[in-house]
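**Q** Provided herewith: my_file08.csv, CSV, C-alpha atoms.
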```csv
chain,number,residue,atom,x,y,z
A,1,MET,CA,93.9,-11.1,-64.4
A,2,LYS,CA,94.2,-14.7,-63.4
A,3,GLU,CA,95.7,-16.2,-60.3
A,4,VAL,CA,97.2,-19.6,-59.7
A,5,VAL,CA,96.5,-21.5,-56.5
A,6,GLU,CA,99.0,-24.1,-55.3
A,7,GLN,CA,98.3,-26.1,-52.2
A,8,ALA,CA,99.2,-29.6,-50.9
A,9,ALA,CA,97.8,-31.9,-48.2
A,10,THR,CA,98.2,-35.5,-47.0
A,11,VAL,CA,95.0,-37.5,-46.5
A,12,PRO,CA,94.7,-38.5,-42.8
A,13,PHE,CA,94.1,-42.2,-42.3
A,14,THR,CA,90.9,-41.2,-40.4
A,15,MET,CA,89.4,-40.4,-43.8
A,16,ASN,CA,89.7,-44.0,-45.0
A,17,GLY,CA,86.8,-44.8,-47.3
A,18,MET,CA,85.8,-41.3,-48.0
A,19,ARG,CA,85.3,-40.0,-51.5
A,20,PHE,CA,88.0,-37.9,-53.2
A,21,ASP,CA,85.7,-34.8,-53.4
A,22,GLN,CA,84.6,-35.2,-49.8
A,23,VAL,CA,88.2,-35.4,-48.6
A,24,ALA,CA,89.2,-32.4,-50.8
A,25,ALA,CA,86.4,-30.4,-49.3
A,26,GLU,CA,87.7,-31.1,-45.8
A,27,LEU,CA,91.4,-30.4,-46.6
A,28,PHE,CA,90.8,-27.4,-48.9
A,29,PRO,CA,87.9,-25.6,-47.1
A,30,SER,CA,88.6,-22.3,-49.0
A,31,PHE,CA,86.9,-23.7,-52.1
A,32,SER,CA,83.4,-24.9,-52.8
A,33,ARG,CA,82.7,-28.6,-53.3
A,34,ALA,CA,81.6,-27.8,-56.9
A,35,LYS,CA,84.8,-26.0,-57.7
A,36,LEU,CA,87.0,-28.9,-56.2
A,37,GLN,CA,85.0,-31.4,-58.3
A,38,GLU,CA,85.7,-29.4,-61.4
A,39,TRP,CA,89.4,-29.3,-60.6
A,40,ILE,CA,89.5,-33.1,-60.0
A,41,LYS,CA,87.8,-33.7,-63.3
A,42,THR,CA,90.3,-31.4,-65.2
A,43,GLY,CA,93.3,-32.8,-63.4
A,44,GLN,CA,94.2,-29.6,-61.6
A,45,LEU,CA,93.7,-31.4,-58.3
A,46,ARG,CA,95.6,-34.7,-58.3
A,47,VAL,CA,96.1,-37.6,-56.0
A,48,ASP,CA,99.6,-39.2,-55.7
A,49,GLY,CA,100.6,-37.4,-58.9
A,50,ARG,CA,97.7,-38.7,-61.1
A,51,ALA,CA,94.3,-37.6,-62.1
A,52,GLY,CA,91.5,-39.1,-60.1
A,53,LYS,CA,87.7,-39.1,-60.1
A,54,PRO,CA,85.4,-37.3,-57.6
A,55,LYS,CA,83.7,-40.5,-56.4
A,56,GLU,CA,87.0,-42.4,-56.0
A,57,ARG,CA,87.4,-43.8,-52.5
A,58,LEU,CA,90.7,-42.9,-50.7
A,59,ILE,CA,92.4,-45.1,-48.0
A,60,GLY,CA,94.5,-42.4,-46.3
A,61,GLY,CA,98.1,-41.4,-46.7
A,62,GLU,CA,97.7,-40.2,-50.3
A,63,ALA,CA,99.3,-36.9,-51.3
A,64,LEU,CA,96.9,-34.4,-52.8
A,65,ALA,CA,98.3,-31.6,-55.0
A,66,LEU,CA,96.3,-28.6,-56.1
A,67,ASN,CA,97.6,-26.5,-58.9
A,68,ALA,CA,94.7,-24.5,-60.4
A,69,GLU,CA,94.0,-21.3,-62.2
A,70,LEU,CA,91.3,-19.1,-60.7
A,71,GLU,CA,89.0,-17.5,-63.2
A,72,ALA,CA,87.1,-14.2,-63.0
A,73,GLN,CA,83.9,-14.6,-60.9
A,74,GLY,CA,81.9,-12.0,-62.8
A,75,GLU,CA,82.0,-9.6,-65.7
A,76,TRP,CA,82.4,-6.5,-63.5
A,77,GLU,CA,84.5,-3.6,-64.6
A,78,ALA,CA,87.0,-1.6,-62.5
A,79,GLU,CA,86.2,2.1,-62.0
A,80,PRO,CA,88.4,4.8,-60.4
A,81,ILE,CA,86.0,5.7,-57.5
A,82,ALA,CA,87.5,7.0,-54.3
A,83,LEU,CA,87.5,4.7,-51.3
A,84,ASN,CA,87.9,5.6,-47.7
A,85,ILE,CA,90.2,2.7,-46.6
A,86,LEU,CA,90.7,2.5,-42.8
A,87,TYR,CA,92.9,-0.6,-42.9
A,88,GLU,CA,94.5,-2.9,-45.5
A,89,ASP,CA,96.9,-5.8,-45.5
A,90,ASP,CA,97.4,-8.9,-47.7
A,91,ALA,CA,94.3,-10.6,-46.4
A,92,LEU,CA,91.7,-8.0,-46.0
A,93,LEU,CA,90.7,-4.4,-46.2
A,94,VAL,CA,88.2,-2.3,-44.1
A,95,ILE,CA,86.2,0.3,-45.9
A,96,ASP,CA,84.2,3.3,-44.4
A,97,LYS,CA,81.3,3.5,-46.9
A,98,PRO,CA,79.6,6.8,-47.6
A,99,ALA,CA,75.9,7.3,-48.1
A,100,GLY,CA,74.6,6.8,-51.6
A,101,LEU,CA,77.2,4.2,-52.6
A,102,VAL,CA,75.6,0.9,-53.8
A,103,VAL,CA,77.7,-2.1,-52.7
A,104,HIS,CA,77.3,-4.6,-55.6
A,105,PRO,CA,76.3,-4.2,-59.2
A,106,ALA,CA,72.8,-5.3,-60.1
A,107,ALA,CA,70.1,-4.5,-62.6
A,108,GLY,CA,70.0,-0.8,-62.8
A,109,ASN,CA,73.3,-0.3,-61.0
A,110,ARG,CA,75.9,-1.9,-63.3
A,111,SER,CA,78.5,0.7,-62.5
A,112,GLY,CA,79.4,3.2,-59.9
A,113,THR,CA,79.4,0.7,-57.1
A,114,LEU,CA,81.7,-0.2,-54.2
A,115,LEU,CA,82.7,-3.4,-56.1
A,116,ASN,CA,83.7,-1.4,-59.2
A,117,ALA,CA,85.9,0.8,-57.0
A,118,LEU,CA,87.4,-2.2,-55.2
A,119,LEU,CA,88.4,-3.8,-58.6
A,120,HIS,CA,90.2,-0.6,-59.5
A,121,HIS,CA,92.0,-0.6,-56.2
A,122,ALA,CA,92.9,-4.3,-56.2
A,123,PRO,CA,92.3,-6.0,-59.6
A,124,SER,CA,92.9,-9.6,-58.2
A,125,LEU,CA,89.5,-9.3,-56.4
A,126,ILE,CA,87.9,-10.3,-59.7
A,127,ASN,CA,88.9,-13.9,-58.9
A,128,LEU,CA,86.9,-13.9,-55.6
A,129,PRO,CA,83.2,-14.5,-55.1
A,130,ARG,CA,81.4,-11.2,-55.2
A,131,GLY,CA,84.8,-9.5,-55.4
A,132,GLY,CA,85.7,-10.4,-51.8
A,133,ILE,CA,82.6,-8.7,-50.4
A,134,VAL,CA,81.3,-10.9,-47.5
A,135,HIS,CA,78.6,-8.7,-46.1
A,136,ARG,CA,76.7,-5.6,-47.3
A,137,LEU,CA,75.4,-2.3,-46.2
A,138,ASP,CA,72.3,-0.7,-47.8
A,139,LYS,CA,73.0,2.1,-50.3
A,140,ASP,CA,72.2,4.9,-47.8
A,141,THR,CA,73.7,3.3,-44.7
A,142,THR,CA,77.1,4.6,-43.9
A,143,GLY,CA,80.0,3.0,-42.1
A,144,LEU,CA,82.3,-0.1,-41.8
A,145,MET,CA,82.6,-3.1,-44.1
A,146,VAL,CA,85.3,-5.7,-44.3
A,147,VAL,CA,86.4,-7.2,-47.7
A,148,ALA,CA,88.5,-10.3,-48.2
A,149,LYS,CA,91.5,-10.2,-50.5
A,150,THR,CA,92.2,-13.9,-50.8
A,151,LEU,CA,90.1,-17.1,-51.0
A,152,GLU,CA,91.4,-18.2,-47.7
A,153,ALA,CA,90.4,-15.0,-46.0
A,154,HIS,CA,87.1,-15.0,-47.8
A,155,ALA,CA,86.3,-18.5,-46.4
A,156,ASN,CA,87.4,-17.6,-42.9
A,157,LEU,CA,85.3,-14.4,-42.8
A,158,VAL,CA,82.2,-16.1,-44.2
A,159,ALA,CA,82.7,-18.8,-41.5
A,160,GLN,CA,83.0,-16.1,-38.8
A,161,LEU,CA,79.8,-14.4,-40.0
A,162,ALA,CA,78.0,-17.8,-40.0
A,163,GLN,CA,79.2,-18.5,-36.5
A,164,ARG,CA,78.0,-15.1,-35.3
A,165,SER,CA,81.5,-14.2,-34.0
A,166,VAL,CA,81.9,-11.0,-35.9
A,167,SER,CA,80.9,-8.0,-33.8
A,168,ARG,CA,78.9,-5.3,-35.7
A,169,GLU,CA,77.5,-2.3,-33.9
A,170,TYR,CA,75.5,0.5,-35.4
A,171,GLU,CA,74.1,3.9,-34.3
A,172,ALA,CA,70.6,4.8,-35.3
A,173,VAL,CA,68.0,7.5,-34.6
A,174,LEU,CA,64.5,6.2,-34.1
A,175,VAL,CA,61.1,7.8,-34.3
A,176,GLY,CA,59.5,7.9,-30.8
A,177,THR,CA,60.9,7.7,-27.3
A,178,LEU,CA,62.1,4.4,-25.8
A,179,THR,CA,62.3,3.9,-22.0
A,180,GLY,CA,65.2,1.4,-22.1
A,181,GLY,CA,67.2,-1.0,-24.2
A,182,GLY,CA,66.1,-4.5,-25.3
A,183,THR,CA,66.3,-7.3,-27.8
A,184,VAL,CA,64.2,-8.0,-30.8
A,185,ASP,CA,64.2,-11.8,-31.6
A,186,ALA,CA,61.9,-12.1,-34.7
A,187,PRO,CA,62.5,-14.1,-37.9
A,188,ILE,CA,62.9,-12.1,-41.1
A,189,GLY,CA,61.9,-13.1,-44.7
A,190,ARG,CA,60.6,-11.7,-47.9
A,191,HIS,CA,57.5,-9.5,-47.6
A,192,SER,CA,54.4,-11.5,-48.8
A,193,GLN,CA,53.2,-8.6,-51.1
A,194,GLN,CA,56.1,-6.2,-51.5
A,195,ARG,CA,58.8,-8.5,-52.9
A,196,LYS,CA,61.5,-6.0,-52.8
A,197,GLN,CA,61.0,-5.5,-49.0
A,198,MET,CA,61.7,-7.7,-46.0
A,199,ALA,CA,59.4,-8.3,-43.1
A,200,VAL,CA,59.0,-10.1,-39.8
A,201,VAL,CA,57.8,-13.5,-40.9
A,202,PRO,CA,56.8,-15.8,-38.0
A,203,GLU,CA,56.5,-18.9,-40.2
A,204,GLY,CA,59.4,-19.6,-42.6
A,205,GLY,CA,61.5,-16.6,-41.8
A,206,LYS,CA,65.2,-16.8,-41.0
A,207,SER,CA,66.3,-16.3,-37.4
A,208,ALA,CA,67.1,-12.7,-36.7
A,209,VAL,CA,68.3,-11.2,-33.4
A,210,THR,CA,69.0,-7.5,-32.7
A,211,HIS,CA,70.1,-5.9,-29.4
A,212,TYR,CA,69.7,-2.2,-28.7
A,213,ARG,CA,70.6,0.2,-25.9
A,214,LEU,CA,69.8,3.9,-25.4
A,215,LEU,CA,72.5,6.5,-26.0
A,216,SER,CA,70.3,9.6,-25.7
A,217,ARG,CA,66.6,10.5,-25.6
A,218,PHE,CA,64.9,13.5,-27.2
A,219,GLU,CA,61.4,14.9,-27.0
A,220,HIS,CA,60.1,12.6,-29.8
A,221,HIS,CA,63.1,10.6,-30.9
A,222,THR,CA,65.7,8.2,-29.5
A,223,HIS,CA,69.4,7.7,-30.3
A,224,VAL,CA,70.4,4.1,-29.9
A,225,ARG,CA,73.4,1.8,-30.2
A,226,VAL,CA,72.5,-1.5,-32.0
A,227,LYS,CA,74.3,-4.8,-32.0
A,228,LEU,CA,73.6,-7.4,-34.6
A,229,GLU,CA,73.7,-11.1,-33.6
A,230,THR,CA,72.6,-12.1,-37.1
A,231,GLY,CA,72.9,-10.4,-40.4
A,232,ARG,CA,69.6,-10.5,-42.4
A,233,THR,CA,68.8,-8.1,-45.2
A,234,HIS,CA,67.5,-4.8,-43.8
A,235,GLN,CA,67.5,-6.4,-40.3
A,236,ILE,CA,67.8,-3.3,-38.1
A,237,ARG,CA,65.3,-1.3,-40.3
A,238,VAL,CA,62.8,-4.2,-40.2
A,239,HIS,CA,63.2,-4.9,-36.5
A,240,MET,CA,62.9,-1.3,-35.4
A,241,ALA,CA,59.8,-0.8,-37.5
A,242,HIS,CA,58.4,-4.0,-36.0
A,243,ILE,CA,58.6,-2.5,-32.5
A,244,GLN,CA,56.9,0.7,-33.8
A,245,HIS,CA,60.1,2.8,-33.7
A,246,PRO,CA,61.3,3.0,-37.3
A,247,LEU,CA,64.5,4.8,-38.3
A,248,VAL,CA,64.3,8.5,-39.0
A,249,GLY,CA,64.4,9.0,-42.8
A,250,ASP,CA,63.5,5.4,-43.7
A,251,GLN,CA,61.2,5.7,-46.7
A,252,THR,CA,60.7,2.0,-47.0
A,253,TYR,CA,59.9,0.8,-43.5
A,254,GLY,CA,59.1,4.1,-41.8
A,255,ARG,CA,55.8,5.8,-41.1
A,256,ARG,CA,54.4,8.7,-43.0
A,257,PHE,CA,56.1,11.8,-41.7
A,258,ARG,CA,54.3,13.5,-38.9
A,259,ILE,CA,55.2,16.9,-37.4
A,260,PRO,CA,56.5,16.3,-33.8
A,261,LYS,CA,54.4,18.2,-31.3
A,262,GLY,CA,56.1,21.4,-30.1
A,263,ALA,CA,59.1,21.0,-32.5
A,264,SER,CA,60.7,24.1,-33.9
A,265,GLU,CA,60.3,25.0,-37.5
A,266,ALA,CA,64.0,24.4,-38.1
A,267,LEU,CA,63.7,20.9,-36.7
A,268,VAL,CA,60.6,20.1,-38.7
A,269,GLU,CA,62.4,21.1,-41.9
A,270,TYR,CA,65.5,19.1,-41.0
A,271,LEU,CA,63.5,16.0,-40.3
A,272,ARG,CA,61.3,16.4,-43.3
A,273,HIS,CA,64.2,16.6,-45.7
A,274,PHE,CA,66.7,14.2,-44.0
A,275,PRO,CA,67.8,12.3,-47.1
A,276,ARG,CA,68.3,8.7,-45.8
A,277,GLN,CA,67.7,6.3,-43.0
A,278,ALA,CA,69.6,7.4,-40.0
A,279,LEU,CA,71.8,4.4,-39.7
A,280,HIS,CA,75.6,4.1,-39.4
A,281,ALA,CA,77.8,1.0,-39.0
A,282,ALA,CA,80.0,2.4,-36.2
A,283,SER,CA,82.1,-0.5,-35.0
A,284,LEU,CA,83.4,-3.8,-36.5
A,285,GLY,CA,85.3,-6.5,-34.7
A,286,LEU,CA,86.6,-9.8,-35.9
A,287,GLU,CA,89.4,-12.4,-35.7
A,288,HIS,CA,92.1,-11.7,-38.3
A,289,PRO,CA,91.9,-14.6,-40.8
A,290,VAL,CA,95.7,-15.0,-40.9
A,291,THR,CA,97.1,-14.1,-37.5
A,292,GLY,CA,94.0,-15.0,-35.4
A,293,ASP,CA,94.3,-11.7,-33.5
A,294,TYR,CA,91.2,-9.9,-32.6
A,295,CYS,CA,90.9,-6.6,-34.5
A,296,GLN,CA,88.4,-3.8,-34.1
A,297,TRP,CA,87.7,-0.7,-36.1
A,298,ASP,CA,85.5,2.3,-35.3
A,299,SER,CA,84.0,4.9,-37.6
A,300,PRO,CA,82.9,8.4,-36.4
A,301,LEU,CA,79.4,9.5,-37.1
A,302,PRO,CA,79.1,11.2,-40.5
A,303,GLU,CA,78.3,14.9,-40.7
A,304,ASP,CA,74.7,14.5,-41.6
A,305,PHE,CA,74.1,12.2,-38.7
A,306,ARG,CA,75.8,14.6,-36.3
A,307,ARG,CA,73.8,17.5,-37.6
A,308,LEU,CA,70.6,15.5,-37.1
A,309,LEU,CA,71.5,14.9,-33.4
A,310,ASP,CA,72.3,18.6,-33.0
A,311,ALA,CA,69.0,19.6,-34.5
A,312,LEU,CA,67.1,17.1,-32.2
A,313,GLY,CA,69.1,18.5,-29.2
A,314,ARG,CA,68.0,22.1,-30.0
A,315,GLY,CA,64.4,20.9,-30.4
```
The structure in this file should be written as structure tokens.

**A**
Amino acid sequence: MKEVVEQAATVPFTMNGMRFDQVAAELFPSFSRAKLQEWIKTGQLRVDGRAGKPKERLIGGEALALNAELEAQGEWEAEPIALNILYEDDALLVIDKPAGLVVHPAAGNRSGTLLNALLHHAPSLINLPRGGIVHRLDKDTTGLMVVAKTLEAHANLVAQLAQRSVSREYEAVLVGTLTGGGTVDAPIGRHSQQRKQMAVVPEGGKSAVTHYRLLSRFEHHTHVRVKLETGRTHQIRVHMAHIQHPLVGDQTYGRRFRIPKGASEALVEYLRHFPRQALHAASLGLEHPVTGDYCQWDSPLPEDFRRLLDALGRG
């Protein structure tokens, strides 16, 4: 399914002397510079009714007209997979993702993903980068994700994420007892030996900041609320392991399982077999890309997470 984009703009005189493709990038920020250059070359983006060249210098006052056909951004297939949609309008939708659902197709996971489900629900998402997905959750992390439904909304949400204005809060259960909240400010990059893993990388890593506060403390574990300032891959899991308090059930960044001293047999069995990292995206807040209103959504803890807290409370 293809979608036609029609937009128009007048070049401000303050842009006198700028290249056509540079002006276009400023006036049509929803699209990449490469895509706009392509449309200029094919005549789908015109200046004063004529075809131009990307390097052509403009003087100001010209009328730009965009009439372009969007093409599918990938060879993904729609699949009838159930979605828990908390909110939807013409610009975006908010999903409450279950554990076990991969977000985006990749080698080894070409089907059965959130993206396949989204394309079945809204086929026009095929025209957006990554099907409108602007941020991810790990396969076994549960909770809230926002998905753009238009190019304009996609560009707006990506910008909000880059500006760190999107509020994302998680709940997690950590191994060990913390005495208070805090902040982890440690750059994250690809692990030097395990290339599928991330790690704190003092030299060359990307800035990563995680804030956490205590919700409840158990004999050998701590329930925390975590707020992301940045959004690096596996950020919470890496940062919590970095401060020696990995997430319960984290097989990648956690320690080898140890029986907590004095724990009941029931608790030991529950901890030993907890099937995933104990991490839930509980709250999501952002500025609506169309109305500008601040919106927030909250997701209750999933059943397995609640049962884990109950088991810890009983000891």

**Q** Around (89.8, -25.9, -57.5), as given in the file, which residues come within 9 Å? Count only C-alpha atoms and list them as number ranges by chain.

**A** A: 5, 28, 31-40, 44-45, 66-70

**Q** Applying 9 Å and only C-alpha atoms, which residues near Val226 in chain A remain after dropping the ones on its own chain fewer than 2 positions away? List them as a list in words.

**A**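 Residues near the query, excluding close chain neighbours: Arg168, Glu169, Tyr170, Glu171, Ala172, Thr210, His211, Tyr212, Arg213, Leu214, Val224, Leu228 and Ile236 of chain A.
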
**Q** Of the residues A:Arg255, A:His239, A:Arg50, A:His234, which is the one nearest to Lys139 in chain A, using all atoms listed in the file?

**A**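 Looking only at the distances to Lys139 in chain A, the closest residue turns out to be A:His234.
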
**Q** Give me, as a Markdown table, the closest atom pair and its distance (Å, one decimal) for every residue of range 60-118 of chain A within a cut-off of 12 Å of range 52-55 of chain A, counting only C-alpha atoms, rows sorted by chain and rising number.

**A**
```
| residue | atom | partner | partner_atom | distance |
| --- | --- | --- | --- | --- |
| A:Glu62 | CA | A:Gly52 | CA | 11.6 |
| A:Ala63 | CA | A:Gly52 | CA | 12.0 |
| A:Leu64 | CA | A:Gly52 | CA | 10.2 |
| A:Ala65 | CA | A:Gly52 | CA | 11.3 |
```

**Q** Please, what distance in Å, to one decimal, runs between CA of Met240 in chain A and CA of Asp96 in chain A?

**A**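 Computing it gives 23.6 Å between the two atoms.
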
**Q** Leaving out Gln277 in chain A and any residue of its chain fewer than 2 positions from it, which residues lie within 12 Å of it when counting all atoms listed in the file, given as a ChimeraX atom specification?

**A** /A:99-100,137-142,171-175,234,236-238,240-241,246-254,271-275,279-280,304-305,308

**Q** What's the separation between CA of Ala107 in chain A and CA of Ser207 in chain A, in Å to one decimal place?

**A**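 Here the two named atoms are 28.1 Å from each other.
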
**Q** Got a sec to check which residues sit within 10 Å of (81.3, -10.5, -56.9), counting all atoms listed in the file, and write them as a PDB file with C-alpha atoms, in the coordinates of the input?

**A**
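As a result, point-v5.pdb now contains:
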```
ATOM      1  CA  ALA A  72      87.100 -14.200 -63.000  1.00  0.00           C
ATOM      2  CA  GLN A  73      83.900 -14.600 -60.900  1.00  0.00           C
ATOM      3  CA  GLY A  74      81.900 -12.000 -62.800  1.00  0.00           C
ATOM      4  CA  GLU A  75      82.000  -9.600 -65.700  1.00  0.00           C
ATOM      5  CA  TRP A  76      82.400  -6.500 -63.500  1.00  0.00           C
ATOM      6  CA  HIS A 104      77.300  -4.600 -55.600  1.00  0.00           C
ATOM      7  CA  PRO A 105      76.300  -4.200 -59.200  1.00  0.00           C
ATOM      8  CA  LEU A 115      82.700  -3.400 -56.100  1.00  0.00           C
ATOM      9  CA  ASN A 116      83.700  -1.400 -59.200  1.00  0.00           C
ATOM     10  CA  LEU A 119      88.400  -3.800 -58.600  1.00  0.00           C
ATOM     11  CA  LEU A 125      89.500  -9.300 -56.400  1.00  0.00           C
ATOM     12  CA  ILE A 126      87.900 -10.300 -59.700  1.00  0.00           C
ATOM     13  CA  ASN A 127      88.900 -13.900 -58.900  1.00  0.00           C
ATOM     14  CA  LEU A 128      86.900 -13.900 -55.600  1.00  0.00           C
ATOM     15  CA  PRO A 129      83.200 -14.500 -55.100  1.00  0.00           C
ATOM     16  CA  ARG A 130      81.400 -11.200 -55.200  1.00  0.00           C
ATOM     17  CA  GLY A 131      84.800  -9.500 -55.400  1.00  0.00           C
ATOM     18  CA  GLY A 132      85.700 -10.400 -51.800  1.00  0.00           C
ATOM     19  CA  ILE A 133      82.600  -8.700 -50.400  1.00  0.00           C
ATOM     20  CA  VAL A 134      81.300 -10.900 -47.500  1.00  0.00           C
TER      21      VAL A 134
END
```

**Q** Can you work out the spacing between CA of His220 in chain A and CA of Gly143 in chain A in Å, to one decimal?

**A**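 According to the coordinates, CA of His220 in chain A and CA of Gly143 in chain A are separated by 25.3 Å.
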
**Q** Which residues are close to range 149-154 of chain A, i.e. within 6 Å by only C-alpha atoms, leaving aside same-chain residues fewer than 2 positions away? Reply as a PyMOL selection string.

**A** chain A and resi 30+91-92+132+156-157+289

**Q** For His121 in chain A, which residue among A:Leu83, A:Val102, A:Leu58, A:Ala9 is the nearest when counting all atoms listed in the file?

**A**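 For His121 in chain A, the nearest of the given residues is A:Leu83.
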
**Q** Between A:Leu267, A:Val201, A:Val147, A:Val4, which one has atoms that come closest to Glu71 in chain A, using all atoms listed in the file?

**A**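 Among A:Leu267, A:Val201, A:Val147, A:Val4, it is A:Val4 that comes nearest to Glu71 in chain A.
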
**Q** When you count all atoms listed in the file, which of these residues is closest to Leu114 in chain A: A:Arg46, A:Ala148, A:Glu79, A:Arg256?

**A**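 The closest residue to Leu114 in chain A is A:Glu79.
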
**Q** Have a look at A:Gln194, A:Ser299, A:Thr177, A:Asn16 and name the one nearest to Thr222 in chain A; count all atoms listed in the file.

**A** A:Thr177

**Q** Using all atoms listed in the file, which protein or nucleic acid residues come within 12 Å of Gln163 in chain A? Drop anything in the same chain fewer than 2 positions from it, and give the result as a list in words.

**A**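 So the residues in contact are Asn156, Leu157, Val158, Ala159, Gln160, Leu161, Ser165, Val166, Ser167, Glu229, Thr230, Gly231, Leu286 and Glu287 of chain A.
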
**Q** So, counting only C-alpha atoms, which residue among A:Ala281, A:Gln244, A:Arg314, A:Gly205 is closest to Ala266 in chain A?

**A** A:Arg314
